[in-house]
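Student: Contents are TSV, C-alpha atoms; file name my_file-v1.tsv:
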chain	number	residue	atom	x	y	z
A	123	MET	CA	-91.71	83.24	170.92
A	124	ASN	CA	-93.16	84.87	174.02
A	125	ALA	CA	-95.61	82.27	175.27
A	126	MET	CA	-94.19	82.38	178.80
A	127	LYS	CA	-94.40	86.15	179.05
A	128	ASP	CA	-97.87	86.16	177.51
A	129	PHE	CA	-98.98	83.48	179.95
A	130	TYR	CA	-97.59	85.43	182.90
A	131	ALA	CA	-99.36	88.59	181.71
A	132	SER	CA	-102.65	86.67	181.41
A	133	LEU	CA	-102.19	85.14	184.82
A	134	SER	CA	-101.55	88.56	186.33
A	135	SER	CA	-104.61	90.19	184.79
A	136	ALA	CA	-108.25	90.05	185.84
A	137	ARG	CA	-109.89	86.68	185.17
A	138	PRO	CA	-113.51	85.61	185.16
A	139	GLN	CA	-114.38	83.41	188.12
A	140	GLY	CA	-114.45	79.74	187.22
A	141	SER	CA	-112.37	80.29	184.11
A	142	TYR	CA	-109.45	78.22	182.92
A	143	LEU	CA	-106.95	80.92	183.91
A	144	GLU	CA	-108.57	81.28	187.30
A	145	ALA	CA	-107.93	77.59	187.91
A	146	LEU	CA	-104.30	77.91	186.83
A	147	SER	CA	-103.87	80.93	189.09
A	148	GLU	CA	-105.02	78.78	192.02
A	149	ILE	CA	-101.91	76.68	191.44
A	150	THR	CA	-99.71	79.65	192.37
A	151	LYS	CA	-101.09	79.33	195.93
A	152	ILE	CA	-100.31	75.65	196.50
A	153	ASN	CA	-97.51	74.40	198.71
A	154	ARG	CA	-94.60	72.18	197.71
A	155	THR	CA	-96.29	69.04	198.97
A	156	GLN	CA	-99.35	69.74	196.81
A	157	ALA	CA	-97.08	70.41	193.86
A	158	LYS	CA	-95.74	66.90	194.25
A	159	THR	CA	-99.26	65.64	193.48
A	160	LEU	CA	-98.36	66.46	189.91
A	161	MET	CA	-95.56	63.96	189.96
A	162	GLY	CA	-97.77	61.32	191.55
A	163	ASP	CA	-96.81	57.83	190.51
A	164	LEU	CA	-95.65	58.97	187.13
A	165	TRP	CA	-92.08	57.91	187.58
A	166	TRP	CA	-92.90	54.54	186.06
A	167	GLN	CA	-93.81	56.07	182.75
A	168	SER	CA	-91.13	58.69	182.84
A	169	TRP	CA	-88.51	59.01	180.18
A	170	GLU	CA	-85.81	59.41	182.82
A	171	GLY	CA	-87.56	58.43	186.03
A	172	PRO	CA	-85.91	56.99	189.13
A	173	ASP	CA	-84.36	53.58	188.48
A	174	GLN	CA	-85.52	53.79	184.90
A	175	LYS	CA	-82.98	56.04	183.35
A	176	THR	CA	-79.91	53.88	183.48
A	177	ALA	CA	-80.59	51.01	181.21
A	178	ALA	CA	-77.71	48.84	182.29
A	179	GLN	CA	-77.37	49.85	185.91
A	180	GLY	CA	-76.39	46.94	188.09
A	181	MET	CA	-75.76	44.66	185.17
B	432	MET	CA	-99.72	37.54	177.03
B	433	ASP	CA	-96.85	38.95	179.09
B	434	ILE	CA	-95.52	41.47	176.62
B	435	TYR	CA	-92.19	41.78	178.44
B	436	GLN	CA	-91.52	38.05	178.33
B	437	SER	CA	-92.71	37.88	174.72
B	438	THR	CA	-90.46	40.79	173.75
B	439	VAL	CA	-87.42	39.22	175.40
B	440	ASP	CA	-88.22	35.79	173.93
B	441	TYR	CA	-88.48	37.33	170.48
B	442	LEU	CA	-85.12	39.10	170.79
B	443	LEU	CA	-83.42	35.99	172.15
B	444	THR	CA	-84.16	34.25	168.86
B	445	PHE	CA	-81.51	36.52	167.32
B	446	PRO	CA	-78.10	34.79	167.54
B	447	ILE	CA	-76.25	37.87	168.81
B	448	PHE	CA	-78.10	37.75	172.14
B	449	ASP	CA	-76.99	34.17	172.55
B	450	ALA	CA	-73.35	34.92	171.75
B	451	TRP	CA	-73.03	38.15	173.73
B	452	HIS	CA	-74.05	37.54	177.32
B	453	GLU	CA	-73.56	41.15	178.49
B	454	ILE	CA	-76.19	42.58	176.16
B	455	ARG	CA	-78.51	39.68	176.98
B	456	ALA	CA	-78.09	40.48	180.68
B	457	ILE	CA	-78.87	44.17	180.09
B	458	LEU	CA	-81.98	43.28	178.12
B	459	GLN	CA	-83.26	40.91	180.80
B	460	ARG	CA	-82.54	43.34	183.60
B	461	VAL	CA	-84.39	46.17	181.88
B	462	ALA	CA	-87.30	43.85	181.05
B	463	SER	CA	-87.60	42.84	184.72
B	464	ARG	CA	-88.48	46.48	185.49
B	465	ARG	CA	-91.36	46.26	183.01
B	466	PRO	CA	-90.81	49.65	181.32
B	467	ARG	CA	-94.06	51.31	180.41
B	468	ASP	CA	-92.69	52.46	177.04
B	469	TRP	CA	-92.43	48.89	175.73
B	470	GLN	CA	-96.22	48.74	175.87
B	471	LEU	CA	-96.76	51.68	173.53
B	472	PRO	CA	-96.53	49.71	170.25
B	473	ILE	CA	-98.86	47.07	171.72
B	474	ILE	CA	-101.43	49.69	172.74
B	475	ALA	CA	-101.27	51.29	169.28
B	476	CYS	CA	-101.58	47.94	167.57
B	477	GLN	CA	-104.66	47.06	169.61
B	478	ALA	CA	-106.14	50.48	168.90
B	479	VAL	CA	-106.10	49.75	165.16
B	480	GLY	CA	-107.85	46.45	165.77
B	481	ALA	CA	-104.96	43.99	165.55
B	482	SER	CA	-103.81	41.41	168.06
B	483	PRO	CA	-101.00	42.45	170.44
B	484	GLU	CA	-98.76	39.65	169.18
B	485	LYS	CA	-98.37	41.46	165.87
B	486	ALA	CA	-96.62	44.35	167.64
B	487	ILE	CA	-94.00	42.31	169.48
B	488	PRO	CA	-91.26	43.07	166.89
B	489	ALA	CA	-92.10	46.77	167.33
B	490	SER	CA	-91.88	46.49	171.12
B	491	ALA	CA	-88.56	44.72	170.70
B	492	ALA	CA	-87.26	47.48	168.43
B	493	ILE	CA	-88.41	50.17	170.87
B	494	ALA	CA	-86.89	48.27	173.80
B	495	CYS	CA	-83.50	48.01	172.10
B	496	VAL	CA	-83.42	51.57	170.89
B	497	GLU	CA	-84.48	52.92	174.28
B	498	ILE	CA	-81.63	51.05	175.95
B	499	SER	CA	-79.25	52.47	173.33
B	500	ILE	CA	-80.48	56.03	173.87
B	501	LEU	CA	-80.26	55.80	177.67
B	502	LEU	CA	-76.75	54.34	177.66
B	503	VAL	CA	-75.62	57.37	175.67
B	504	ASP	CA	-77.80	59.78	177.64
B	505	ASP	CA	-76.07	58.77	180.88
B	506	MET	CA	-72.72	59.74	179.38
B	507	LEU	CA	-74.00	63.03	177.96
B	508	ASP	CA	-75.59	63.96	181.32
B	509	ASN	CA	-72.62	62.78	183.40
B	510	ASP	CA	-75.18	60.75	185.31
B	511	PRO	CA	-73.54	59.21	188.39
B	512	ARG	CA	-75.65	56.06	187.94
B	513	GLY	CA	-74.37	55.49	184.41
B	514	GLU	CA	-72.98	52.16	183.30
B	515	TYR	CA	-70.04	54.00	181.74
B	516	HIS	CA	-68.65	54.52	185.25
B	517	ARG	CA	-68.20	50.76	185.53
B	518	ILE	CA	-67.12	49.73	182.06
B	519	GLY	CA	-65.88	52.95	180.50
B	520	HIS	CA	-67.14	55.20	177.74
B	521	GLY	CA	-65.83	53.05	174.89
B	522	ARG	CA	-67.58	49.83	175.83
B	523	THR	CA	-70.76	51.68	176.77
B	524	SER	CA	-70.81	53.32	173.34
B	525	ASN	CA	-70.28	49.94	171.75
B	526	PHE	CA	-73.22	48.46	173.67
B	527	ALA	CA	-75.33	51.39	172.52
B	528	ILE	CA	-74.42	50.71	168.89
B	529	ALA	CA	-75.26	47.04	169.36
B	530	PHE	CA	-78.69	47.78	170.80
B	531	GLN	CA	-79.49	50.26	168.06
B	532	ALA	CA	-78.63	47.69	165.40
B	533	ALA	CA	-80.58	45.02	167.29
B	534	GLY	CA	-83.62	47.30	167.16
B	535	VAL	CA	-83.34	47.43	163.39
B	536	ASP	CA	-82.93	43.65	163.29
B	537	ALA	CA	-86.07	43.23	165.37
B	538	LEU	CA	-88.14	44.97	162.70
B	539	ILE	CA	-86.45	43.18	159.80
B	540	GLY	CA	-87.32	39.90	161.49
B	541	SER	CA	-91.04	40.64	161.73
B	542	ARG	CA	-93.59	38.81	159.57
B	543	ALA	CA	-95.01	42.04	158.17
B	544	SER	CA	-95.00	42.68	154.43
B	545	THR	CA	-91.92	44.20	152.82
B	546	LYS	CA	-93.83	47.45	152.31
B	547	VAL	CA	-94.80	47.69	155.98
B	548	LYS	CA	-91.33	46.71	157.14
B	549	THR	CA	-89.74	49.38	154.94
B	550	GLU	CA	-92.04	52.04	156.35
B	551	ALA	CA	-91.36	50.84	159.90
B	552	LEU	CA	-87.60	50.87	159.34
B	553	ASN	CA	-87.84	54.39	157.92
B	554	SER	CA	-89.76	55.46	160.99
B	555	LEU	CA	-87.25	53.92	163.39
B	556	ASN	CA	-84.31	55.42	161.55
B	557	ARG	CA	-85.86	58.90	161.43
B	558	MET	CA	-86.49	58.67	165.17
B	559	MET	CA	-82.92	57.59	166.00
B	560	LEU	CA	-81.43	60.35	163.86
B	561	THR	CA	-83.73	63.04	165.24
B	562	THR	CA	-83.19	61.93	168.84
B	563	ALA	CA	-79.41	62.12	168.38
B	564	TYR	CA	-79.82	65.66	167.05
B	565	GLY	CA	-82.08	66.50	170.01
B	566	GLN	CA	-79.48	65.16	172.43
B	567	GLU	CA	-76.88	67.40	170.81
B	568	LEU	CA	-79.17	70.43	171.15
B	569	ASP	CA	-79.79	69.53	174.79
B	570	VAL	CA	-76.08	69.30	175.58
B	571	LYS	CA	-75.85	72.96	174.57
B	572	ASN	CA	-78.25	73.80	177.46
B	573	PRO	CA	-80.99	75.81	175.74
B	574	SER	CA	-81.47	79.15	177.40
B	575	ASP	CA	-84.61	80.51	175.76
B	576	GLU	CA	-88.13	79.29	175.15
B	577	ALA	CA	-87.78	78.58	171.43
B	578	SER	CA	-84.61	76.55	171.99
B	579	TYR	CA	-86.22	74.63	174.83
B	580	TRP	CA	-89.16	73.51	172.69
B	581	ARG	CA	-86.77	72.65	169.84
B	582	VAL	CA	-85.00	70.25	172.19
B	583	VAL	CA	-88.30	68.70	173.32
B	584	GLU	CA	-89.47	68.36	169.73
B	585	ASN	CA	-86.27	66.60	168.69
B	586	LYS	CA	-85.12	64.78	171.81
B	587	SER	CA	-88.25	63.66	173.64
B	588	ALA	CA	-91.19	63.53	171.23
B	589	PRO	CA	-89.82	61.37	168.37
B	590	PHE	CA	-89.22	58.27	170.51
B	591	PHE	CA	-92.81	58.15	171.74
B	592	GLY	CA	-94.21	59.08	168.33
B	593	CYS	CA	-92.22	56.26	166.75
B	594	ALA	CA	-93.29	53.72	169.39
B	595	ILE	CA	-96.94	54.43	168.54
B	596	HIS	CA	-96.23	54.63	164.81
B	597	LEU	CA	-94.54	51.22	164.71
B	598	GLY	CA	-97.43	49.61	166.58
B	599	THR	CA	-100.00	51.02	164.15
B	600	LEU	CA	-97.95	50.02	161.10
B	601	LEU	CA	-97.46	46.44	162.25
B	602	GLY	CA	-101.13	46.36	163.19
B	603	GLY	CA	-101.99	47.02	159.56
B	604	ALA	CA	-103.24	50.61	159.82
B	605	ASN	CA	-103.27	52.81	156.74
B	606	VAL	CA	-100.63	55.51	156.36
B	607	LYS	CA	-102.99	58.35	157.34
B	608	THR	CA	-104.06	56.71	160.58
B	609	ALA	CA	-100.49	55.74	161.41
B	610	CYS	CA	-99.30	59.33	160.89
B	611	GLU	CA	-102.12	60.78	163.00
B	612	LEU	CA	-101.37	58.43	165.86
B	613	GLU	CA	-97.66	59.19	165.51
B	614	GLN	CA	-98.51	62.85	166.14
B	615	LEU	CA	-100.51	61.82	169.18
B	616	GLY	CA	-97.51	59.80	170.39
B	617	LYS	CA	-95.28	62.84	170.02
B	618	LEU	CA	-97.67	64.88	172.17
B	619	TYR	CA	-97.56	62.09	174.75
B	620	GLY	CA	-93.74	62.31	174.67
B	621	GLU	CA	-93.81	66.07	175.17
B	622	THR	CA	-96.13	65.56	178.10
B	623	ILE	CA	-93.72	63.08	179.66
B	624	GLN	CA	-90.89	65.59	179.22
B	625	ILE	CA	-92.85	68.35	180.98
B	626	TYR	CA	-93.57	66.01	183.89
B	627	ASP	CA	-89.90	65.09	184.01
B	628	ASP	CA	-88.97	68.74	184.21
B	629	LEU	CA	-91.47	69.34	187.02
B	630	ASN	CA	-90.19	66.29	188.84
B	631	ASP	CA	-86.57	67.33	188.48
B	632	THR	CA	-87.11	70.87	189.70
B	633	MET	CA	-89.34	69.97	192.66
B	634	ALA	CA	-87.20	67.06	193.85
B	635	VAL	CA	-85.45	67.18	197.22
B	636	PRO	CA	-82.46	67.25	197.54
B	637	ALA	CA	-81.56	69.40	194.57
B	638	ASN	CA	-81.59	67.49	191.30
B	639	PRO	CA	-78.45	67.69	189.10
B	640	ASP	CA	-80.43	70.04	186.82
B	641	TRP	CA	-80.18	72.70	189.53
B	642	LEU	CA	-76.58	71.88	190.41
B	643	GLN	CA	-75.37	71.90	186.80
B	644	GLY	CA	-77.12	75.18	185.96
B	645	ARG	CA	-79.52	73.56	183.51
B	646	LYS	CA	-82.89	75.04	182.63
B	647	PRO	CA	-85.83	72.63	182.72
B	648	LEU	CA	-89.18	74.25	181.90
B	649	PRO	CA	-90.16	75.64	185.35
B	650	ILE	CA	-86.70	77.15	185.90
B	651	LEU	CA	-86.65	78.58	182.39
B	652	PHE	CA	-90.01	80.24	183.09
B	653	ALA	CA	-88.81	81.75	186.37
B	654	LEU	CA	-85.67	83.07	184.69
B	655	SER	CA	-87.48	84.40	181.60
B	656	VAL	CA	-90.52	86.14	183.05
B	657	ASP	CA	-90.34	89.49	184.77
B	658	HIS	CA	-92.02	88.51	188.04
B	659	SER	CA	-91.57	90.20	191.42
B	660	ASP	CA	-89.19	87.50	192.75
B	661	HIS	CA	-87.01	87.39	189.64
B	662	ALA	CA	-83.85	88.88	191.18
B	663	ARG	CA	-84.12	86.69	194.28
B	664	PHE	CA	-84.73	83.58	192.15
B	665	LEU	CA	-81.64	84.28	190.08
B	666	GLU	CA	-79.61	84.64	193.26
B	667	LEU	CA	-80.92	81.32	194.61
B	668	TYR	CA	-80.43	79.57	191.27
B	669	GLN	CA	-76.77	80.55	191.32
B	670	SER	CA	-76.24	79.31	194.88
B	671	ILE	CA	-78.76	76.48	195.17
B	672	SER	CA	-76.54	74.40	197.47
B	673	THR	CA	-76.71	76.94	200.28
B	674	GLU	CA	-79.02	76.20	203.21
B	675	ASN	CA	-82.75	76.60	202.49
B	676	ALA	CA	-82.05	77.91	198.98
B	677	LEU	CA	-83.78	75.00	197.27
B	678	GLN	CA	-86.95	75.32	199.34
B	679	GLU	CA	-87.19	79.06	198.71
B	680	ALA	CA	-86.48	78.64	194.99
B	681	GLN	CA	-89.15	75.94	194.67
B	682	GLU	CA	-91.66	78.16	196.48
B	683	ILE	CA	-90.92	80.94	194.01
B	684	LEU	CA	-91.45	78.51	191.11
B	685	ILE	CA	-94.95	77.87	192.38
B	686	ARG	CA	-95.72	81.50	193.26
B	687	CYS	CA	-94.47	83.06	190.02
B	688	GLY	CA	-96.63	80.81	187.83
B	689	ALA	CA	-93.95	78.43	186.54
B	690	VAL	CA	-95.82	75.35	187.76
B	691	SER	CA	-99.09	76.82	186.44
B	692	TYR	CA	-97.44	77.29	183.06
B	693	CYS	CA	-96.32	73.66	183.02
B	694	VAL	CA	-99.88	72.58	183.83
B	695	ASP	CA	-101.16	74.81	181.04
B	696	GLN	CA	-98.75	73.17	178.60
B	697	LEU	CA	-99.79	69.70	179.79
B	698	LEU	CA	-103.47	70.50	179.32
B	699	ARG	CA	-102.95	71.98	175.86
B	700	ARG	CA	-101.17	68.84	174.69
B	701	HIS	CA	-103.80	66.68	176.27
B	702	GLN	CA	-106.53	68.60	174.45
B	703	THR	CA	-104.73	68.37	171.11
B	704	ALA	CA	-104.23	64.63	171.62
B	705	GLN	CA	-107.94	64.25	172.41
B	706	ASP	CA	-108.81	66.19	169.25
B	707	ILE	CA	-106.62	63.86	167.16
B	708	LEU	CA	-108.19	60.83	168.78
B	709	ASN	CA	-111.72	62.15	168.21
B	710	LYS	CA	-111.20	62.65	164.48
B	711	THR	CA	-109.28	59.40	163.87
B	712	PRO	CA	-111.48	56.41	163.09
B	713	LEU	CA	-110.20	53.49	165.16
B	714	PRO	CA	-111.70	50.07	165.97
B	715	ASN	CA	-110.53	50.37	169.58
B	716	LYS	CA	-110.16	53.97	170.70
B	717	GLY	CA	-110.27	52.94	174.33
B	718	ALA	CA	-106.68	51.69	174.25
B	719	ILE	CA	-105.30	55.10	173.27
B	720	ASP	CA	-107.83	57.00	175.34
B	721	SER	CA	-106.64	55.21	178.50
B	722	LEU	CA	-103.08	56.13	177.64
B	723	ILE	CA	-103.69	59.85	177.28
B	724	GLU	CA	-106.13	60.02	180.20
B	725	GLY	CA	-103.65	58.18	182.41
B	726	VAL	CA	-100.91	60.66	181.73
B	727	ILE	CA	-103.05	63.71	182.57
B	728	ALA	CA	-104.60	62.15	185.69
B	729	PRO	CA	-102.19	63.87	188.15
B	730	VAL	CA	-103.39	67.26	186.86
B	731	TRP	CA	-107.02	66.33	187.51
B	732	LYS	CA	-105.98	65.07	190.94
B	733	LEU	CA	-104.33	68.39	191.73
B	734	PHE	CA	-107.43	70.31	190.65
B	735	GLU	CA	-109.50	68.01	192.80
B	736	THR	CA	-107.37	68.84	195.85
B	737	LEU	CA	-108.00	72.52	195.04
B	738	GLY	CA	-111.74	71.90	195.25
B	739	LEU	CA	-112.51	72.27	191.57
B	740	SER	CA	-115.53	70.50	190.15
B	741	PRO	CA	-115.22	66.98	188.71
B	742	LYS	CA	-116.73	68.50	185.55
B	743	PHE	CA	-113.77	70.82	185.29
B	744	PRO	CA	-111.86	68.81	182.63
B	745	SER	CA	-114.62	69.24	180.06
B	746	ALA	CA	-114.93	72.93	180.92
B	747	ILE	CA	-111.22	73.35	180.28
B	748	ALA	CA	-111.51	71.59	176.95
B	749	LYS	CA	-114.32	73.93	175.94
B	750	GLN	CA	-112.31	77.02	176.85
B	751	LEU	CA	-109.15	75.82	175.09
B	752	ASN	CA	-111.19	75.09	171.97
B	753	GLN	CA	-112.62	78.61	172.02
B	754	GLU	CA	-109.15	80.22	171.95
Take the structure I supplied and represent it as C-alpha cells, if you would.
Tutor:
Amino acid sequence: MNAMKDFYASLSSARPQGSYLEALSEITKINRTQAKTLMGDLWWQSWEGPDQKTAAQGM
Amino acid sequence: MDIYQSTVDYLLTFPIFDAWHEIRAILQRVASRRPRDWQLPIIACQAVGASPEKAIPASAAIACVEISILLVDDMLDNDPRGEYHRIGHGRTSNFAIAFQAAGVDALIGSRASTKVKTEALNSLNRMMLTTAYGQELDVKNPSDEASYWRVVENKSAPFFGCAIHLGTLLGGANVKTACELEQLGKLYGETIQIYDDLNDTMAVPANPDWLQGRKPLPILFALSVDHSDHARFLELYQSISTENALQEAQEILIRCGAVSYCVDQLLRRHQTAQDILNKTPLPNKGAIDSLIEGVIAPVWKLFETLGLSPKFPSAIAKQLNQE
C-alpha cells in the first residue's frame, strides 16, 4: 500500500487549475488556526473527544 | 421523545441497574452528556421509515457497549482521566463486562421478532469481538499505512456500522438495506477516526499521541513520505516536549500535505457514503443524509475560508467519480 506516497507525488506534480488536487494543495498553505477549522465543533460526535472519552469519569 | 431519557428509562427496567447503583450512576452520568452516538440507531430506524421508539433497545445496547469499550480503552491508553485510576483495573474491567452484558440484555428485551433479535445480537457480538481485536492491534502502535487502516477498520468502524445496523434491523428493514447502511455507518466511523487523529495531532499542548510516540494519520504521513522536511520532522517528533517543537512539527504537518491527505481521505469516504445512500431505496433518506453531511461540514467550511466556490462539493464528487 502506497497511497500516501502516491498522494504526495500527485500533490507535488502539476495540477489543472480548479481541480480537486489543486484545492487540496491549497491546504498546505493554511496556518494552524485555519487547520483547527477542521476540528470545528466536532468534539461532540467524536469517538474519543474531550469529556466524552472517559465513560465513568467523575462517577 | 427525549431519546436519552427513553434509553435510560428502558435500561432501568432491567433489575441489575436497580441492584447495582454504581453502574446506574455511570449510565446516568454518561446520558447527561447526551452522546451523539446514542442517536445513530434512532436515525437509522427513522431512515427506514419506522418510529424512533422502535430503536430504543438498539440505542440502549449501543450506549452500554460504548461505555464498556471506553472503560477498557482508558486502561489500554493509560489515559490519565480513566476511572481505573480511582477504582483500580480489576473493578473497572468488571464494570466493562457488566455493561457489555447489559447491552446484550437490552436487545434480548426488545419487542422485535426472534429472527430480528437473533440478527441484531449477531451484529452486536461481531462488533464487540472485532473492536476488541482492533484495540489489540492499536496497542501494538501500527507503524505503516496498511497496519493503520487495519486498526481503523477493526477498532473504529465496526461500532458505528453496528449502531446503524441495529437501528435498521429494529426498524424492520430488509437484510440488504440493513447491510448497505451498515457499510455507510462504517464509513462514518472511519471519518470520525480521521477527525480524531487530526484533532489529536493539532491540539495544544501536545496530545499524549505525540508524547507516547504514537502515529495518528497525519504523523504517519509525515513520517512515511519523503518530503523536504522529513529529517527535521523526525527530529521534532522525537523531542516534541522541547520549546516550540510542537508548533514547528504541526506547521510541517500542514506544509508536507499530511492535513491535505486527511482531507482527501475524508472526502473519499464521504463520496462513497453518498453513493451508497443514492443507490439505497429508503423512505426517509434525509435522516442519513443529514448525518453524513454534518460530519463533512468542517471540510466545506475550510474550503470556504480558502475562497473556493460553494459549488465546489459537487465538483469534487464529479472528479472523484471519474477516477
Student: Can you work out the spacing between CA of Tyr441 in chain B and CA of Gln477 in chain B in Å, to one decimal?
Tutor: 18.9 Å
Student: Name the closest residue to Gln139 in chain A among the candidates B:Leu560, B:Leu739, B:Gly602, B:Leu651; distances are taken between atoms, counting all atoms listed in the file.
Tutor: B:Leu739
Student: For the contact check between chain B and chain A, emit one row per residue of chain B within 7 Å, containing the shortest atom pair and the distance in Å rounded to one decimal, counting only C-alpha atoms, chain then rising number order, as a Markdown table.
Tutor:
| residue | atom | partner | partner_atom | distance |
| --- | --- | --- | --- | --- |
| B:Ala456 | CA | A:Met181 | CA | 6.6 |
| B:Ile457 | CA | A:Ala178 | CA | 5.3 |
| B:Val461 | CA | A:Ala177 | CA | 6.2 |
| B:Arg467 | CA | A:Gln167 | CA | 5.3 |
| B:Asp468 | CA | A:Gln167 | CA | 6.8 |
| B:Ile498 | CA | A:Ala177 | CA | 5.4 |
| B:Leu501 | CA | A:Ala177 | CA | 6.0 |
| B:Leu502 | CA | A:Ala177 | CA | 6.2 |
| B:Asp505 | CA | A:Thr176 | CA | 6.7 |
| B:Arg512 | CA | A:Thr176 | CA | 6.5 |
| B:Gly513 | CA | A:Thr176 | CA | 5.8 |
| B:Glu514 | CA | A:Gln179 | CA | 5.6 |
| B:Glu576 | CA | A:Met123 | CA | 6.8 |
| B:Ala577 | CA | A:Met123 | CA | 6.1 |
| B:Ile623 | CA | A:Ser168 | CA | 6.0 |
| B:Tyr626 | CA | A:Met161 | CA | 6.7 |
| B:Asp627 | CA | A:Ser168 | CA | 6.6 |
| B:Asn630 | CA | A:Met161 | CA | 6.0 |
| B:Phe652 | CA | A:Met126 | CA | 6.4 |
| B:Val656 | CA | A:Lys127 | CA | 5.6 |
| B:Glu682 | CA | A:Arg154 | CA | 6.8 |
| B:Ile685 | CA | A:Thr150 | CA | 5.1 |
| B:Arg686 | CA | A:Thr150 | CA | 4.5 |
| B:Cys687 | CA | A:Thr150 | CA | 6.7 |
| B:Gly688 | CA | A:Thr150 | CA | 5.6 |
| B:Ser691 | CA | A:Leu146 | CA | 5.3 |
| B:Pro729 | CA | A:Leu160 | CA | 4.9 |
| B:Val730 | CA | A:Leu160 | CA | 5.9 |
| B:Leu733 | CA | A:Thr159 | CA | 6.0 |
| B:Ile747 | CA | A:Tyr142 | CA | 5.8 |
| B:Gln750 | CA | A:Tyr142 | CA | 6.8 |
Student: Quick one: distance from CA of Ala653 in chain B to CA of Val690 in chain B in Å, one decimal?
Tutor: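 Computing the Euclidean distance for CA of Ala653 in chain B and CA of Val690 in chain B yields 9.6 Å.
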Student: Using all atoms listed in the file, pick whichever of B:Glu621, B:Glu613, B:Leu713, B:Ala689 has the shortest atom-to-atom distance to Leu648 in chain B.
Tutor: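 Looking only at the distances to Leu648 in chain B, the closest residue turns out to be B:Ala689.
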